[in-house]
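So this one's structure-v7.txt, compact mmCIF, C-alpha atoms and all ligand atoms:
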# COMPACT_ATOMS: atom_id res chain seq x y z
CA MET A 1 0.00 0.00 0.00
CA THR A 2 1.47 3.34 -0.97
CA THR A 3 -0.92 5.82 0.60
CA THR A 4 0.18 6.96 4.02
CA ILE A 5 -2.47 6.64 6.67
CA LYS A 6 -2.67 8.87 9.68
CA THR A 7 -3.27 6.97 12.90
CA PRO A 8 -5.21 6.63 15.06
CA ILE A 9 -7.87 6.21 12.39
CA TYR A 10 -11.02 8.03 13.45
CA LEU A 11 -14.03 5.69 13.42
CA ASP A 12 -16.01 7.36 16.18
CA TYR A 13 -18.20 9.82 14.28
CA ALA A 14 -21.19 8.92 16.47
CA ALA A 15 -19.31 10.32 19.47
CA THR A 16 -18.38 13.57 17.79
CA CYS A 17 -17.11 14.90 14.46
CA PRO A 18 -14.39 17.22 13.27
CA VAL A 19 -15.87 20.60 12.37
CA ASP A 20 -16.20 20.94 8.61
CA PRO A 21 -13.67 23.59 7.43
CA VAL A 22 -16.49 25.36 5.55
CA VAL A 23 -18.33 25.69 8.87
CA VAL A 24 -15.23 27.08 10.61
CA ASP A 25 -14.80 29.74 7.92
CA LYS A 26 -18.39 30.82 8.31
CA MET A 27 -18.04 31.10 12.11
CA ILE A 28 -14.81 33.09 12.38
CA PRO A 29 -16.12 36.64 11.76
CA TYR A 30 -18.63 36.13 14.57
CA PHE A 31 -15.84 35.95 17.14
CA THR A 32 -14.00 39.10 16.22
CA GLU A 33 -16.17 41.34 14.01
CA THR A 34 -19.84 40.58 14.42
CA TYR A 35 -19.51 39.92 18.13
CA GLY A 36 -22.69 41.58 19.37
CA ASN A 37 -25.15 40.07 21.81
CA ALA A 38 -28.11 38.83 19.78
CA ALA A 39 -30.40 40.23 22.49
CA SER A 40 -29.02 43.78 22.20
CA ARG A 41 -31.75 45.76 20.49
CA THR A 42 -30.16 49.20 20.63
CA HIS A 43 -27.28 49.06 18.13
CA PRO A 44 -26.08 47.46 14.88
CA TYR A 45 -23.75 44.97 16.63
CA GLY A 46 -26.76 43.38 18.28
CA TRP A 47 -28.90 43.54 15.13
CA ALA A 48 -26.22 41.82 13.04
CA ALA A 49 -25.82 39.05 15.62
CA GLU A 50 -29.56 38.58 15.80
CA GLU A 51 -29.83 38.39 12.04
CA ALA A 52 -27.10 35.72 11.94
CA VAL A 53 -28.91 33.70 14.60
CA GLU A 54 -32.22 33.95 12.73
CA ASN A 55 -30.59 32.84 9.48
CA ALA A 56 -29.15 29.81 11.28
CA ARG A 57 -32.54 29.06 12.80
CA VAL A 58 -34.04 28.97 9.29
CA GLU A 59 -31.39 26.48 8.15
CA VAL A 60 -31.83 24.18 11.15
CA ALA A 61 -35.62 24.29 10.75
CA LYS A 62 -35.44 23.55 7.01
CA LEU A 63 -33.53 20.32 7.61
CA ILE A 64 -36.40 18.85 9.65
CA GLY A 65 -39.43 20.46 8.00
CA ALA A 66 -40.12 22.79 10.96
CA GLU A 67 -40.92 26.51 11.27
CA PRO A 68 -37.98 28.63 12.47
CA LYS A 69 -40.05 29.73 15.48
CA GLU A 70 -40.24 26.10 16.57
CA ILE A 71 -36.47 25.90 17.12
CA SER A 72 -35.06 26.82 20.55
CA PHE A 73 -31.28 26.81 20.81
CA THR A 74 -29.70 25.07 23.81
CA SER A 75 -26.21 24.06 24.93
CA GLY A 76 -26.59 20.63 23.32
CA ALA A 77 -28.84 17.63 23.14
CA THR A 78 -28.30 16.63 26.77
CA GLU A 79 -29.92 19.91 27.74
CA SER A 80 -32.60 19.52 25.04
CA ASP A 81 -33.54 16.07 26.38
CA ASN A 82 -33.71 17.43 29.93
CA LEU A 83 -35.80 20.41 28.84
CA ALA A 84 -38.22 18.33 26.78
CA ILE A 85 -38.83 15.66 29.38
CA LYS A 86 -38.73 17.63 32.63
CA GLY A 87 -40.30 20.68 30.98
CA VAL A 88 -43.33 18.79 29.65
CA ALA A 89 -43.68 16.67 32.80
CA GLU A 90 -43.72 19.75 34.98
CA TYR A 91 -46.08 21.72 32.74
CA LEU A 92 -48.58 18.83 32.53
CA ARG A 93 -48.19 17.68 36.14
CA ASP A 94 -51.87 18.21 36.90
CA LYS A 95 -52.94 16.33 33.78
CA GLY A 96 -51.02 13.14 34.46
CA LYS A 97 -47.76 11.73 35.69
CA HIS A 98 -47.06 8.80 33.39
CA ILE A 99 -44.16 8.77 30.92
CA ILE A 100 -43.24 6.06 28.42
CA THR A 101 -39.70 5.56 27.14
CA VAL A 102 -37.38 2.75 26.04
CA ALA A 103 -34.62 0.77 27.78
CA THR A 104 -32.05 1.64 25.08
CA GLU A 105 -32.41 5.43 25.23
CA HIS A 106 -29.45 7.75 25.78
CA LYS A 107 -28.62 8.47 29.41
CA ALA A 108 -29.81 12.06 29.00
CA VAL A 109 -33.33 10.67 28.49
CA LEU A 110 -33.15 7.78 30.96
CA ASP A 111 -31.69 9.87 33.77
CA SER A 112 -34.18 12.69 33.21
CA CYS A 113 -36.95 10.12 33.55
CA LYS A 114 -35.30 8.63 36.62
CA TYR A 115 -35.13 12.10 38.19
CA LEU A 116 -38.87 12.53 37.63
CA GLU A 117 -39.59 9.05 38.95
CA LEU A 118 -37.92 9.92 42.24
CA ARG A 119 -40.26 12.91 42.47
CA GLY A 120 -43.51 11.09 41.93
CA HIS A 121 -43.79 10.39 38.21
CA ASP A 122 -44.44 6.91 36.92
CA VAL A 123 -42.13 5.72 34.11
CA THR A 124 -42.72 2.73 31.82
CA LEU A 125 -39.53 1.43 30.17
CA LEU A 126 -40.34 -0.48 26.99
CA SER A 127 -38.15 -3.44 26.07
CA VAL A 128 -36.63 -3.91 22.60
CA ASP A 129 -36.35 -6.94 20.33
CA ASN A 130 -33.06 -8.57 19.32
CA ASP A 131 -32.48 -5.85 16.73
CA GLY A 132 -33.00 -3.12 19.31
CA LEU A 133 -36.37 -2.04 17.92
CA VAL A 134 -39.67 -1.19 19.64
CA SER A 135 -43.03 -1.30 17.89
CA ALA A 136 -45.85 1.22 17.80
CA GLN A 137 -48.02 -1.58 19.22
CA GLN A 138 -45.84 -1.74 22.35
CA VAL A 139 -46.31 2.00 22.80
CA ALA A 140 -50.07 1.66 22.22
CA ASP A 141 -50.31 -1.05 24.87
CA ALA A 142 -48.43 1.09 27.38
CA ILE A 143 -50.47 4.30 26.97
CA ARG A 144 -52.79 5.05 29.91
CA GLU A 145 -55.28 7.74 30.87
CA ASP A 146 -52.54 9.63 32.73
CA THR A 147 -49.80 9.32 30.06
CA VAL A 148 -48.42 12.76 29.21
CA LEU A 149 -45.30 11.97 27.20
CA VAL A 150 -43.78 9.27 25.00
CA SER A 151 -40.03 9.55 24.37
CA VAL A 152 -38.49 7.23 21.78
CA MET A 153 -35.12 7.96 20.19
CA PHE A 154 -34.97 8.28 16.39
CA ALA A 155 -31.85 6.15 15.96
CA ASN A 156 -29.68 4.47 18.53
CA ASN A 157 -26.21 5.86 19.14
CA GLU A 158 -24.59 2.45 19.76
CA THR A 159 -26.14 0.36 16.98
CA GLY A 160 -27.65 2.84 14.52
CA ALA A 161 -31.03 1.06 14.71
CA ILE A 162 -33.81 3.34 13.42
CA GLN A 163 -37.09 3.16 15.36
CA PRO A 164 -40.50 3.26 13.59
CA ILE A 165 -40.85 6.97 14.39
CA ALA A 166 -43.63 7.80 11.92
CA ASP A 167 -45.80 4.95 13.26
CA ILE A 168 -45.24 5.96 16.87
CA GLY A 169 -45.86 9.62 15.99
CA ALA A 170 -49.16 8.83 14.28
CA LEU A 171 -50.25 6.74 17.24
CA CYS A 172 -49.37 9.43 19.81
CA HIS A 173 -51.13 12.06 17.70
CA ASP A 174 -54.29 9.89 17.62
CA ARG A 175 -54.16 9.27 21.35
CA LYS A 176 -53.35 12.94 22.12
CA VAL A 177 -50.14 12.14 23.96
CA LEU A 178 -47.08 14.31 23.31
CA PHE A 179 -44.24 12.62 21.41
CA HIS A 180 -40.58 13.49 21.98
CA THR A 181 -37.70 11.99 20.05
CA ASP A 182 -33.96 12.25 20.69
CA ALA A 183 -32.89 12.56 17.06
CA VAL A 184 -29.22 13.39 17.62
CA GLN A 185 -27.87 10.50 15.57
CA ALA A 186 -30.41 10.82 12.75
CA PHE A 187 -30.32 14.60 12.35
CA GLY A 188 -28.56 15.55 9.12
CA LYS A 189 -27.86 11.89 8.34
CA ILE A 190 -31.26 10.69 7.09
CA PRO A 191 -34.44 12.56 6.10
CA ILE A 192 -36.55 13.82 9.02
CA ASP A 193 -39.92 15.51 8.62
CA VAL A 194 -41.52 16.60 11.90
CA GLN A 195 -44.87 17.16 10.12
CA ALA A 196 -45.16 13.85 8.32
CA MET A 197 -43.82 12.01 11.36
CA ASN A 198 -46.05 13.77 13.91
CA ILE A 199 -43.13 14.69 16.14
CA ASP A 200 -43.99 17.19 18.90
CA LEU A 201 -40.58 17.70 20.47
CA MET A 202 -37.17 16.77 19.08
CA SER A 203 -33.65 17.02 20.51
CA ILE A 204 -30.75 17.66 18.14
CA SER A 205 -27.07 18.44 18.51
CA ASP A 206 -24.59 20.30 16.33
CA HIS A 207 -21.32 18.48 17.01
CA LYS A 208 -22.58 15.18 15.55
CA VAL A 209 -23.13 16.89 12.17
CA TYR A 210 -19.74 18.56 11.67
CA GLY A 211 -20.48 21.70 13.67
CA PRO A 212 -18.91 22.91 16.91
CA LYS A 213 -19.59 21.34 20.31
CA GLY A 214 -21.73 22.99 22.94
CA VAL A 215 -24.78 23.94 20.89
CA GLY A 216 -27.96 22.07 20.12
CA ALA A 217 -31.65 22.70 19.80
CA LEU A 218 -35.07 21.56 20.86
CA PHE A 219 -37.85 21.55 18.30
CA VAL A 220 -41.09 22.50 20.06
CA ARG A 221 -44.22 22.20 17.92
CA ARG A 222 -46.37 25.35 17.78
CA ARG A 223 -49.49 24.12 15.98
CA ARG A 224 -51.62 21.00 16.15
CA PRO A 225 -50.89 20.75 18.99
CA ARG A 226 -49.24 23.80 20.49
CA VAL A 227 -46.70 22.32 22.90
CA ARG A 228 -46.00 24.14 26.15
CA LEU A 229 -43.27 23.37 28.61
CA THR A 230 -41.87 24.76 31.85
CA PRO A 231 -38.41 26.23 31.32
CA GLN A 232 -35.60 24.62 33.26
CA ILE A 233 -33.21 27.58 33.06
CA HIS A 234 -34.64 30.92 34.16
CA GLY A 235 -33.42 34.38 33.31
CA GLY A 236 -33.81 36.89 30.51
CA GLY A 237 -36.50 34.96 28.66
CA HIS A 238 -34.46 34.18 25.55
CA GLU A 239 -35.69 31.59 23.03
CA ARG A 240 -39.38 32.42 23.59
CA GLY A 241 -38.90 31.84 27.28
CA ASN A 242 -37.95 28.21 26.71
CA ARG A 243 -34.29 28.70 27.53
CA SER A 244 -32.71 31.80 28.98
CA GLY A 245 -29.07 32.71 28.51
CA THR A 246 -27.01 34.74 26.04
CA LEU A 247 -26.85 32.87 22.76
CA ASN A 248 -23.54 31.42 21.57
CA VAL A 249 -23.69 33.29 18.27
CA PRO A 250 -20.59 31.84 16.51
CA ALA A 251 -21.60 28.27 17.40
CA ILE A 252 -25.18 28.87 16.26
CA VAL A 253 -23.90 30.28 12.96
CA GLY A 254 -21.87 27.06 12.65
CA PHE A 255 -24.97 25.01 13.43
CA GLY A 256 -26.84 26.75 10.60
CA GLU A 257 -24.01 26.18 8.14
CA ALA A 258 -23.57 22.54 9.18
CA SER A 259 -27.32 22.05 8.68
CA ARG A 260 -27.22 23.63 5.22
CA ILE A 261 -24.33 21.41 4.14
CA ALA A 262 -26.06 18.31 5.53
CA ARG A 263 -29.32 19.15 3.74
CA GLU A 264 -27.77 19.94 0.36
CA GLY A 265 -25.43 16.96 0.38
CA MET A 266 -27.61 14.39 2.11
CA THR A 267 -28.45 12.09 -0.79
CA ALA A 268 -24.85 11.82 -1.95
CA GLU A 269 -23.52 11.48 1.58
CA ILE A 270 -25.92 8.67 2.48
CA ALA A 271 -24.83 6.73 -0.60
CA LYS A 272 -21.11 7.25 0.03
CA THR A 273 -21.23 6.51 3.76
CA LYS A 274 -23.39 3.44 3.31
CA GLU A 275 -21.10 2.06 0.63
CA LEU A 276 -18.07 2.40 2.91
CA ARG A 277 -19.92 0.94 5.88
CA ASP A 278 -21.17 -2.03 3.86
CA TYR A 279 -17.64 -2.56 2.55
CA LEU A 280 -16.22 -2.65 6.08
CA ARG A 281 -19.03 -4.90 7.33
CA ASP A 282 -18.79 -7.35 4.45
CA ARG A 283 -15.02 -7.64 4.70
CA LEU A 284 -14.97 -8.10 8.48
CA MET A 285 -17.83 -10.58 8.49
CA GLY A 286 -16.51 -12.37 5.41
CA GLU A 287 -12.87 -12.63 6.42
CA ILE A 288 -13.20 -13.27 10.16
CA SER A 289 -15.35 -16.12 11.48
CA HIS A 290 -17.80 -15.89 14.39
CA VAL A 291 -18.59 -12.21 14.04
CA VAL A 292 -22.08 -11.09 15.04
CA LEU A 293 -23.83 -7.97 13.68
CA ASN A 294 -25.56 -6.06 16.49
CA GLY A 295 -28.62 -4.21 15.26
CA PRO A 296 -30.90 -4.63 12.28
CA ARG A 297 -29.53 -5.10 8.76
CA GLU A 298 -32.17 -2.75 7.37
CA HIS A 299 -33.57 0.22 9.33
CA MET A 300 -30.01 1.30 10.06
CA LEU A 301 -28.17 4.59 9.91
CA PRO A 302 -25.74 4.62 6.98
CA GLY A 303 -22.56 5.15 9.02
CA HIS A 304 -22.99 2.73 11.95
CA LEU A 305 -21.43 -0.69 12.37
CA ASN A 306 -21.59 -2.59 15.68
CA LEU A 307 -20.01 -6.04 15.72
CA SER A 308 -19.26 -8.62 18.40
CA PHE A 309 -16.20 -10.84 18.02
CA GLU A 310 -16.98 -14.12 19.74
CA TYR A 311 -14.41 -15.86 21.95
CA ILE A 312 -12.43 -12.70 22.52
CA GLU A 313 -11.99 -10.73 25.66
CA GLY A 314 -13.24 -7.25 24.88
CA GLU A 315 -10.68 -5.37 26.89
CA SER A 316 -7.69 -7.07 25.27
CA LEU A 317 -9.19 -6.43 21.84
CA LEU A 318 -9.55 -2.76 22.61
CA MET A 319 -5.96 -2.59 23.91
CA ALA A 320 -4.72 -4.16 20.69
CA LEU A 321 -6.57 -1.60 18.59
CA LYS A 322 -4.81 1.55 19.78
CA ASP A 323 -4.43 2.62 16.14
CA ILE A 324 -8.19 2.92 15.75
CA ALA A 325 -10.37 5.45 17.56
CA LEU A 326 -13.62 3.58 18.20
CA SER A 327 -16.04 2.68 20.99
CA SER A 328 -16.51 -0.63 22.69
CA GLY A 329 -19.49 -2.27 24.31
CA SER A 330 -17.85 -1.94 27.67
CA ALA A 331 -16.49 1.58 27.62
CA CYS A 332 -19.60 3.53 26.70
CA THR A 333 -20.49 4.77 30.14
CA SER A 334 -17.20 6.49 30.95
CA ALA A 335 -14.55 4.39 32.69
CA SER A 336 -16.80 1.61 33.91
CA LEU A 337 -16.39 -1.90 32.58
CA GLU A 338 -20.10 -2.61 32.77
CA PRO A 339 -21.22 -4.17 29.49
CA SER A 340 -23.33 -1.88 27.33
CA TYR A 341 -26.91 -1.65 28.66
CA VAL A 342 -28.09 -1.15 25.09
CA LEU A 343 -26.65 -4.46 23.89
CA ARG A 344 -27.82 -6.22 27.07
CA ALA A 345 -31.36 -4.94 26.42
CA MET A 346 -31.15 -6.51 22.94
CA GLY A 347 -30.54 -9.88 24.54
CA LEU A 348 -26.76 -10.18 24.17
CA ASN A 349 -25.02 -11.96 27.01
CA ASP A 350 -22.23 -10.22 28.92
CA GLU A 351 -19.49 -11.88 26.87
CA LEU A 352 -20.89 -10.79 23.53
CA ALA A 353 -21.61 -7.29 24.80
CA HIS A 354 -18.06 -7.03 26.14
CA SER A 355 -16.51 -8.18 22.88
CA SER A 356 -18.40 -5.65 20.77
CA LEU A 357 -16.96 -2.75 18.82
CA ARG A 358 -18.83 0.27 17.49
CA MET A 359 -17.25 1.69 14.36
CA THR A 360 -18.89 4.79 12.94
CA ILE A 361 -17.97 6.15 9.55
CA GLY A 362 -18.30 9.75 8.45
CA ARG A 363 -17.67 12.48 5.92
CA PHE A 364 -13.87 12.21 5.95
CA THR A 365 -13.47 8.41 6.12
CA LYS A 366 -11.37 6.88 3.32
CA ARG A 367 -11.49 3.37 1.95
CA GLU A 368 -7.73 2.85 2.55
CA GLU A 369 -8.34 3.53 6.23
CA LEU A 370 -10.95 0.78 6.30
CA ASP A 371 -8.53 -1.63 4.58
CA TYR A 372 -6.02 -0.91 7.33
CA VAL A 373 -8.69 -1.49 9.99
CA VAL A 374 -9.67 -4.84 8.46
CA GLU A 375 -6.06 -6.08 8.37
CA LEU A 376 -5.45 -4.95 11.95
CA LEU A 377 -8.60 -6.64 13.22
CA LYS A 378 -7.88 -9.87 11.34
CA LYS A 379 -4.43 -10.05 12.87
CA HIS A 380 -5.47 -9.33 16.45
CA VAL A 381 -8.66 -11.35 16.52
CA GLU A 382 -6.71 -14.38 15.33
CA ARG A 383 -3.91 -13.78 17.86
CA LEU A 384 -6.30 -13.32 20.79
CA ARG A 385 -8.38 -16.34 19.86
CA GLU A 386 -5.29 -18.50 19.79
CA MET A 387 -4.83 -17.63 23.44
CA SER A 388 -8.41 -18.54 24.34
CA PRO A 389 -9.24 -21.98 25.78
CA LEU A 390 -12.86 -21.54 24.64
CA TRP A 391 -11.72 -20.98 21.08
CA GLU A 392 -9.72 -24.19 21.21
CA MET A 393 -12.82 -26.12 22.24
CA VAL A 394 -14.86 -24.50 19.46
CA GLN A 395 -12.19 -25.53 16.97
CA GLU A 396 -12.47 -29.10 18.23
CA GLY A 397 -16.17 -29.00 17.48
CA ILE A 398 -17.37 -28.96 21.08
CA ASP A 399 -20.74 -27.29 21.53
CA LEU A 400 -20.11 -24.83 24.36
CA ASN A 401 -23.80 -24.64 25.17
CA SER A 402 -23.85 -28.36 25.96
CA ILE A 403 -21.16 -28.10 28.62
CA GLN A 404 -22.09 -28.27 32.29
CA TRP A 405 -19.76 -25.68 33.83
CA SER A 406 -19.02 -26.41 37.46
CA ALA A 407 -20.82 -24.11 39.84
CA HIS A 408 -18.86 -21.65 41.91
C1 LIG A 501 -24.47 12.61 21.68
C2 LIG A 501 -25.86 12.29 22.05
C3 LIG A 501 -26.56 13.04 23.01
C4 LIG A 501 -25.91 14.17 23.76
O1 LIG A 501 -25.72 15.30 22.95
P1 LIG A 501 -24.78 16.48 23.44
O2 LIG A 501 -25.04 17.59 22.47
O3 LIG A 501 -23.38 15.95 23.36
O4 LIG A 501 -25.16 16.84 24.83
C5 LIG A 501 -27.87 12.71 23.27
N1 LIG A 501 -28.47 11.68 22.65
C6 LIG A 501 -27.84 10.92 21.74
C7 LIG A 501 -28.57 9.81 21.06
C8 LIG A 501 -26.52 11.19 21.41
O5 LIG A 501 -25.89 10.43 20.52
Entire entry expressed as structure tokens:
Amino acid sequence: MTTTIKTPIYLDYAATCPVDPVVVDKMIPYFTETYGNAASRTHPYGWAAEEAVENARVEVAKLIGAEPKEISFTSGATESDNLAIKGVAEYLRDKGKHIITVATEHKAVLDSCKYLELRGHDVTLLSVDNDGLVSAQQVADAIREDTVLVSVMFANNETGAIQPIADIGALCHDRKVLFHTDAVQAFGKIPIDVQAMNIDLMSISDHKVYGPKGVGALFVRRRRPRVRLTPQIHGGGHERGNRSGTLNVPAIVGFGEASRIAREGMTAEIAKTKELRDYLRDRLMGEISHVVLNGPREHMLPGHLNLSFEYIEGESLLMALKDIALSSGSACTSASLEPSYVLRAMGLNDELAHSSLRMTIGRFTKREELDYVVELLKKHVERLREMSPLWEMVQEGIDLNSIQWSAH
């Protein structure tokens, strides 16, 4: 191979992305020239900043089929999830105290629900099937008289599994229950239409679509129905009272530009990303035995690939892969070695969850990098398996499930 490859190879686009250079260029004047406070109404510095923010709001809205007024900027999707869930729960407290969500949601959703549960709300956690999917029927069965909110993520951050959002949205609309979706992983990656999908609230983040970190938004529907929520940060009444605080103008300008690029290039980017992902998947699964795909084969984000390598100890695999920046099924919740709760909820045992790798491909991934990754994985999986007594038994044709392990 003649091309030089820069290591570590970045295959963690679901965690964050480099900022697109076009986005950086667009942001720079807003640090040093157009530096006004977008809330300053008395001079041109403020007006220019406000105009830049409103232009960005239009771009973000356009990407999801929303009205600009329905976009409230936040510090990121963690805050958006908190605002949506706690804000709606608090506003509708007298109407009901039941919330429905799913076991595989992001911690920002699960922990917001847990917080409410400790203060008197009732939370139903739906289970998922082996592909990580819930059905609209499961949601229908869980809805009660006192249900005020259903929160189901658009696409899972660990596996890329895409939930049946339009079906769940239609159901919630029929039953007059508000529907929130954490769409961080889907935003800018696949088409989203908040009208057609009957989404009432939606959390999105900028740094997963090649914009800067520290800015996100909450879509809050204004018509049919008009969604109200109790703000969680009080102050000057910015963002229609939904979220006070001086706006991060340069980052919001970046958010707008990142949204424009994602919208205009989406069709081509889906095709390119999916082709690279399929290439990596087919080579790894074709050239290494006993590899399991975690997540559905269809209904998948284009850039996600989550695989388990049987008969390998996850930690040693990760140590051997220092040249690749990726996530593992045991390192997702910070430093803990707990196996991924998402994979566990899909029915994987601890061993398979521990030996899983999440590789996410993005705008700047090159095929030569994937070739390098395949060769590295082939080498290390083989080496580690040779050290495994289980692998030896499998090679001898012993069915591990038939063995009576001694109790301890
Ligand atoms: C990254 C992510 C978040 C958190 O977004 P931040 O903007 O980093 O706070 C929430 N939900 C999902 C599904 C994510 O992938």
Contacts of Ala84 (chain A) at 8 Å or less, counting all atoms listed in the file, minus same-chain residues fewer than 6 places along, as a PyMOL selection string? chain A and resi 180+201-203+218+229
Nearby residues, ligand LIG 501 (chain A), 9 Å, only C-alpha atoms and all ligand atoms, as a VMD selection string: chain A and resid 14 to 16 74 to 81 105 to 109 153 to 158 182 to 186 203 to 208 213 to 217
For Val128 (chain A), the nearest of the candidates A:Tyr341, A:Phe73, A:Tyr210, A:Phe364, counting all atoms listed in the file: A:Tyr341
Between CA of Arg57 (chain A) and CA of Gly256 (chain A), what is the distance, to one decimal in Å?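 These two atoms are separated by 6.5 Å.
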Between A:Gly36, A:Pro302, A:Pro29, A:Gly314, which residue has the minimum interatomic distance to Ala271 (chain A), considering all atoms listed in the file? A:Pro302
Hey, what's within 12 Å of Glu145 (chain A) if we count only C-alpha atoms and toss same-chain stuff fewer than 5 positions away? As a PyMOL selection string, please? chain A and resi 95-99+140+175-177
